[in-house]
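What follows is a single structure, written as structure tokens, with notes after it.
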Amino acid sequence: MSTVNTLRGPVDSSQIGTTLMHEHLMVRNPELERNIEHPEYDEAAIFARARASLTSLHVDKGIDTFVDLTVLGLGRDIPTVLRLTEDVPLNIVVATGYYTAKDLPTYFHTHAPDGFVGRTLDGPDVLERMFVDDVVKGVPRTDGVRAGIIKIVTDEHGITPDLDRVYRAAARAQAETGVPISTHTNVSYANGRDQQKWFVDNGVDLGRTIIGHSGDSTDLGYLKELMDNGSFIGMDRFGMEFVLDDESRIDTLVKLIEQGYTERITISHDAGFFSINTPTSWRAKHTPNWHHHRISDHVLPELRKRGVTEDQITQIMVVNPVQALTGDVEATRAVAEKVLGTGRS
Ligand SMILES: [Zn+2]
């Protein structure tokens, strides 16, 4: 597999370029929004802001690919994403998967695989079928937009029975389609460990997993353990300073680079242009640095000051995403040969 599924079709691994591996366009909840008025959802304004920002990310900052991990449970709406990104000049990778910390909606209980409590209807697991179909056939109502990555969650409840089912569907879809699994963790529970254990027990290649939100941790032992086991880690919340300040995030990243972990790290913001959960006005007041330009404008200059080389930055932002997204060692080597060691040090 040396192409990556994007909103506009498969893109060759050589064209993936500088990549933000964990982002959002909009996080919504259509049912809530139909019943509780949200004063800050102004589509025209959000679209204008998002288009200007995405265009600037590409034109001014050299970002080529933006991975939107907004899946079911976060209001995934690919037809709207298609409208929003019509004239945007970067690759958008969309995801399949399910975001829940504990339970699935009743629909998935009545439509469960054989042997599950609540199963009412015969038939295959709708969850598993959805994950696979999203990657292979395309997301419904999108004219064949195919997902390029699978997103799943562990938080304070651990891997509950419903999450175990989500994980099974993700594992089967990963094996069947070859796209990677990217996760949400909560570092106060260090539950990247639980995820890795589940993956190993169930035959998932850790090299095809990205343990997300790992950058919320400053525990080098924990982070190195996740990478030594073979996963990529996502240091993917730069700017989210109400969880951890960027100085600590940068310090941890520099130490890991110095200790030889450059080839296992991905970086991103987990930012969005609208979220029903933390509205724009709240973000502006409480977390002003949490936006999609933070890495380009602040983090990379800080890394350079601390002695991180251009090649190391390119490894993290260009080469690692190719390896993570395609799992293709040869394609990754070809990209590395092209972009590394070009004299910009
Ligand atoms: Zn996210």
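Residue numbering restarts at 1 in every chain; chains get A, B, ... in the order shown in the structure tokens, and ligands count up from 1 in that same order.
Neighbouring residues of ligand 1 at a cut-off of 8 Å, counting only C-alpha atoms and all ligand atoms, are A:His22, A:Glu23, A:His24, A:Leu69, A:Thr70, A:His184, A:Asp270, A:Ala271.
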If you run DSSP over the backbone, which residues in segment 180-325 of chain A end up helix (DSSP H, G or I)? Put them as number ranges by chain.
A: 187-189, 192-201, 206-208, 214-216, 220-228, 246-258, 262-264, 280-286, 294-305, 310-325
Tell me which protein, DNA and RNA residues are within 12 Å of Glu31 of chain A, counting only C-alpha atoms, leaving out same-chain ones fewer than 3 positions away, and put them as a ChimeraX atom specification.
/A:28,34-38,73-75,276
Applying 8 Å and only C-alpha atoms, which residues near segment 299-305 of chain A remain after dropping the ones on its own chain fewer than 4 positions away? List them as a ChimeraX atom specification.
/A:238,246,250,254,294-295,309-310,313
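A straight line drawn from atom CA of Asn191 of chain A to atom CA of Ser217 of chain A is 11.3 Å long.
For the pair atom CA of Ile92 of chain A and atom CA of Ser14 of chain A, the interatomic distance is 15.3 Å.
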Per residue of segment 4-38 of chain A within 12 Å of segment 326-341 of chain A, record the nearest atom pair and its distance in Å to one decimal, counting only C-alpha atoms, with rows in chain order and ascending residue number, as a tab-separated table.
residue	atom	partner	partner_atom	distance
A:Val4	CA	A:Thr326	CA	6.6
A:Asn5	CA	A:Thr326	CA	9.7
A:Pro10	CA	A:Thr326	CA	11.4
A:Val11	CA	A:Thr326	CA	10.8
A:Asp12	CA	A:Ala331	CA	9.3
A:Ser13	CA	A:Ala331	CA	6.7
A:Ser14	CA	A:Val335	CA	5.8
A:Gln15	CA	A:Val335	CA	9.0
A:Ile16	CA	A:Val335	CA	9.4
A:Gly17	CA	A:Val335	CA	9.0
A:Thr18	CA	A:Val339	CA	10.5
Go through segment 40-283 of chain A and collect every residue that DSSP, computed from the backbone, puts in strand (DSSP E); the answer should be as a ChimeraX atom specification.
/A:65-68,91-97,149-153,181-184,209-211,232-235,265-267,274-275
Just N, CA and C atoms for this one: save the residues we selected as a compact mmCIF listing (two decimals), in the first residue's frame.
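The resulting out.txt:
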# COMPACT_ATOMS: atom_id res chain seq x y z
N THR A 65 -0.66 17.91 4.12
CA THR A 65 -1.70 16.93 4.43
C THR A 65 -2.21 17.15 5.86
N PHE A 66 -3.55 17.07 6.00
CA PHE A 66 -4.23 17.35 7.26
C PHE A 66 -5.11 16.13 7.54
N VAL A 67 -4.83 15.43 8.63
CA VAL A 67 -5.60 14.23 8.97
C VAL A 67 -6.71 14.62 9.95
N ASP A 68 -7.95 14.50 9.48
CA ASP A 68 -9.12 14.87 10.30
C ASP A 68 -9.66 13.62 10.98
N ASN A 91 -4.17 18.18 1.09
CA ASN A 91 -4.82 16.86 1.19
C ASN A 91 -5.51 16.76 2.53
N ILE A 92 -6.77 16.30 2.51
CA ILE A 92 -7.46 16.02 3.77
C ILE A 92 -7.68 14.51 3.84
N VAL A 93 -7.18 13.89 4.90
CA VAL A 93 -7.43 12.46 5.13
C VAL A 93 -8.57 12.37 6.13
N VAL A 94 -9.64 11.62 5.79
CA VAL A 94 -10.74 11.46 6.73
C VAL A 94 -10.68 10.07 7.35
N ALA A 95 -11.38 9.92 8.48
CA ALA A 95 -11.24 8.72 9.29
C ALA A 95 -12.56 7.97 9.43
N THR A 96 -12.42 6.66 9.64
CA THR A 96 -13.55 5.90 10.14
C THR A 96 -13.23 5.54 11.59
N GLY A 97 -14.21 4.97 12.30
CA GLY A 97 -13.97 4.63 13.69
C GLY A 97 -15.10 5.14 14.56
N ILE A 149 -7.81 6.13 7.65
CA ILE A 149 -7.29 5.85 9.00
C ILE A 149 -8.48 5.48 9.89
N ILE A 150 -8.20 4.72 10.95
CA ILE A 150 -9.25 4.29 11.89
C ILE A 150 -8.96 4.92 13.24
N LYS A 151 -9.98 5.48 13.89
CA LYS A 151 -9.77 6.15 15.19
C LYS A 151 -10.61 5.46 16.26
N ILE A 152 -9.97 5.12 17.39
CA ILE A 152 -10.68 4.51 18.52
C ILE A 152 -10.18 5.13 19.84
N VAL A 153 -10.87 4.81 20.92
CA VAL A 153 -10.70 5.56 22.17
C VAL A 153 -10.51 4.63 23.37
N ILE A 181 -4.42 2.38 12.74
CA ILE A 181 -5.32 2.72 13.85
C ILE A 181 -4.68 3.84 14.66
N SER A 182 -5.42 4.93 14.86
CA SER A 182 -4.95 6.04 15.68
C SER A 182 -5.86 6.12 16.91
N THR A 183 -5.27 6.33 18.08
CA THR A 183 -6.09 6.23 19.29
C THR A 183 -6.16 7.54 20.07
N HIS A 184 -7.19 7.60 20.91
CA HIS A 184 -7.30 8.60 21.98
C HIS A 184 -6.93 7.89 23.27
N THR A 209 -0.02 1.26 14.54
CA THR A 209 -0.83 2.00 15.51
C THR A 209 -0.12 3.29 15.92
N ILE A 210 -0.93 4.29 16.19
CA ILE A 210 -0.43 5.57 16.69
C ILE A 210 -1.15 5.80 18.02
N ILE A 211 -0.39 5.82 19.11
CA ILE A 211 -1.00 6.00 20.43
C ILE A 211 -1.13 7.51 20.67
N PHE A 232 3.85 4.17 16.97
CA PHE A 232 4.14 5.59 16.93
C PHE A 232 3.42 6.22 18.12
N ILE A 233 3.96 7.33 18.62
CA ILE A 233 3.17 8.10 19.58
C ILE A 233 2.73 9.40 18.92
N GLY A 234 1.56 9.86 19.34
CA GLY A 234 1.07 11.15 18.89
C GLY A 234 1.37 12.20 19.95
N MET A 235 2.29 13.12 19.62
CA MET A 235 2.47 14.31 20.48
C MET A 235 1.62 15.36 19.77
N ILE A 265 7.81 9.30 16.31
CA ILE A 265 7.00 10.40 16.84
C ILE A 265 6.20 11.06 15.72
N THR A 266 4.93 11.37 15.99
CA THR A 266 4.16 12.25 15.09
C THR A 266 3.71 13.46 15.91
N ILE A 267 3.55 14.60 15.23
CA ILE A 267 3.11 15.79 15.96
C ILE A 267 1.88 16.42 15.29
N PHE A 274 -14.42 24.50 14.88
CA PHE A 274 -15.62 24.64 15.71
C PHE A 274 -15.72 23.38 16.54
N SER A 275 -16.06 23.53 17.81
CA SER A 275 -16.39 22.37 18.62
C SER A 275 -17.56 22.71 19.51
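Distances from A:Leu20, A:Gln315, A:Asp219, A:Asn277 to Glu33 of chain A were compared using only C-alpha atoms, and the smallest one belongs to A:Asn277.
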Which residues are close to Val187 of chain A, i.e. within 10 Å by only C-alpha atoms, leaving aside same-chain residues fewer than 5 positions away? Reply as a VMD selection string.
chain A and resid 155 to 156 192 to 193 212 to 219 222
Output file for the residues above (C-alpha atoms, as a PDB file, in the first residue's frame):
ATOM      1  CA  ASP A 155     -10.426   6.895  28.557  1.00  0.00           C
ATOM      2  CA  GLU A 156     -11.263   6.666  32.258  1.00  0.00           C
ATOM      3  CA  GLY A 192      -1.617   3.523  25.923  1.00  0.00           C
ATOM      4  CA  ARG A 193      -0.347   0.452  27.792  1.00  0.00           C
ATOM      5  CA  GLY A 212      -2.625   9.418  20.542  1.00  0.00           C
ATOM      6  CA  HIS A 213      -2.451  12.232  23.075  1.00  0.00           C
ATOM      7  CA  SER A 214       0.797  10.760  24.397  1.00  0.00           C
ATOM      8  CA  GLY A 215       2.244  14.271  24.326  1.00  0.00           C
ATOM      9  CA  ASP A 216       0.033  15.137  27.315  1.00  0.00           C
ATOM     10  CA  SER A 217       2.542  13.095  29.333  1.00  0.00           C
ATOM     11  CA  THR A 218       6.008  14.164  30.455  1.00  0.00           C
ATOM     12  CA  ASP A 219       6.822  10.638  31.662  1.00  0.00           C
ATOM     13  CA  TYR A 222       6.065   5.613  29.642  1.00  0.00           C
TER      14      TYR A 222
END
Expressed in Å to a single decimal, how great is the separation between atom CA of Glu128 of chain A and atom CA of Val145 of chain A?
17.9 Å
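In this comparison, which uses only C-alpha atoms, the residue of A:Thr6, A:Ser248, A:Thr154, A:Thr185 approaching Leu90 of chain A most closely is A:Thr6.
Using only C-alpha atoms, the residues found no farther than 9 Å from His109 of chain A, other than those of its own chain fewer than 6 positions away, are Phe116, Val117, Gly118, Arg119, Thr120 and Asp162 of chain A.
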Taking all heavy atoms for each residue, export the selection above as a PDB file, in the first residue's frame.
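Written file, part20.pdb:
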ATOM      1  N   PHE A 116     -24.078 -11.378  21.448  1.00  0.00           N
ATOM      2  CA  PHE A 116     -24.060 -10.167  22.272  1.00  0.00           C
ATOM      3  C   PHE A 116     -25.415  -9.927  22.929  1.00  0.00           C
ATOM      4  O   PHE A 116     -26.461 -10.129  22.310  1.00  0.00           O
ATOM      5  CB  PHE A 116     -23.691  -8.941  21.426  1.00  0.00           C
ATOM      6  CG  PHE A 116     -22.207  -8.710  21.339  1.00  0.00           C
ATOM      7  CD1 PHE A 116     -21.424  -9.537  20.538  1.00  0.00           C
ATOM      8  CD2 PHE A 116     -21.590  -7.705  22.070  1.00  0.00           C
ATOM      9  CE1 PHE A 116     -20.050  -9.349  20.465  1.00  0.00           C
ATOM     10  CE2 PHE A 116     -20.224  -7.508  21.996  1.00  0.00           C
ATOM     11  CZ  PHE A 116     -19.453  -8.331  21.195  1.00  0.00           C
ATOM     12  N   VAL A 117     -25.400  -9.484  24.186  1.00  0.00           N
ATOM     13  CA  VAL A 117     -26.625  -9.128  24.900  1.00  0.00           C
ATOM     14  C   VAL A 117     -27.288  -7.964  24.166  1.00  0.00           C
ATOM     15  O   VAL A 117     -26.623  -6.979  23.831  1.00  0.00           O
ATOM     16  CB  VAL A 117     -26.295  -8.707  26.348  1.00  0.00           C
ATOM     17  CG1 VAL A 117     -27.560  -8.255  27.081  1.00  0.00           C
ATOM     18  CG2 VAL A 117     -25.608  -9.836  27.093  1.00  0.00           C
ATOM     19  N   GLY A 118     -28.590  -8.076  23.926  1.00  0.00           N
ATOM     20  CA  GLY A 118     -29.305  -6.984  23.264  1.00  0.00           C
ATOM     21  C   GLY A 118     -29.520  -7.215  21.788  1.00  0.00           C
ATOM     22  O   GLY A 118     -30.330  -6.545  21.154  1.00  0.00           O
ATOM     23  N   ARG A 119     -28.807  -8.190  21.240  1.00  0.00           N
ATOM     24  CA  ARG A 119     -28.943  -8.438  19.797  1.00  0.00           C
ATOM     25  C   ARG A 119     -30.383  -8.771  19.451  1.00  0.00           C
ATOM     26  O   ARG A 119     -30.998  -9.653  20.036  1.00  0.00           O
ATOM     27  CB  ARG A 119     -28.025  -9.587  19.380  1.00  0.00           C
ATOM     28  CG  ARG A 119     -28.205 -10.021  17.922  1.00  0.00           C
ATOM     29  CD  ARG A 119     -27.141 -11.051  17.588  1.00  0.00           C
ATOM     30  NE  ARG A 119     -27.531 -11.924  16.499  1.00  0.00           N
ATOM     31  CZ  ARG A 119     -26.975 -11.891  15.282  1.00  0.00           C
ATOM     32  NH1 ARG A 119     -26.050 -11.000  15.014  1.00  0.00           N
ATOM     33  NH2 ARG A 119     -27.338 -12.752  14.357  1.00  0.00           N
ATOM     34  N   THR A 120     -30.970  -8.039  18.528  1.00  0.00           N
ATOM     35  CA  THR A 120     -32.361  -8.200  18.149  1.00  0.00           C
ATOM     36  C   THR A 120     -32.468  -8.617  16.688  1.00  0.00           C
ATOM     37  O   THR A 120     -33.315  -9.407  16.317  1.00  0.00           O
ATOM     38  CB  THR A 120     -33.113  -6.856  18.345  1.00  0.00           C
ATOM     39  OG1 THR A 120     -32.805  -6.372  19.658  1.00  0.00           O
ATOM     40  CG2 THR A 120     -34.614  -7.034  18.216  1.00  0.00           C
ATOM     41  N   ASP A 162     -18.381  -2.562  25.295  1.00  0.00           N
ATOM     42  CA  ASP A 162     -18.688  -1.899  24.019  1.00  0.00           C
ATOM     43  C   ASP A 162     -17.406  -1.459  23.310  1.00  0.00           C
ATOM     44  O   ASP A 162     -17.298  -1.541  22.083  1.00  0.00           O
ATOM     45  CB  ASP A 162     -19.601  -0.685  24.229  1.00  0.00           C
ATOM     46  CG  ASP A 162     -21.077  -1.086  24.252  1.00  0.00           C
ATOM     47  OD1 ASP A 162     -21.366  -2.304  24.240  1.00  0.00           O
ATOM     48  OD2 ASP A 162     -21.939  -0.182  24.280  1.00  0.00           O
TER      49      ASP A 162
END
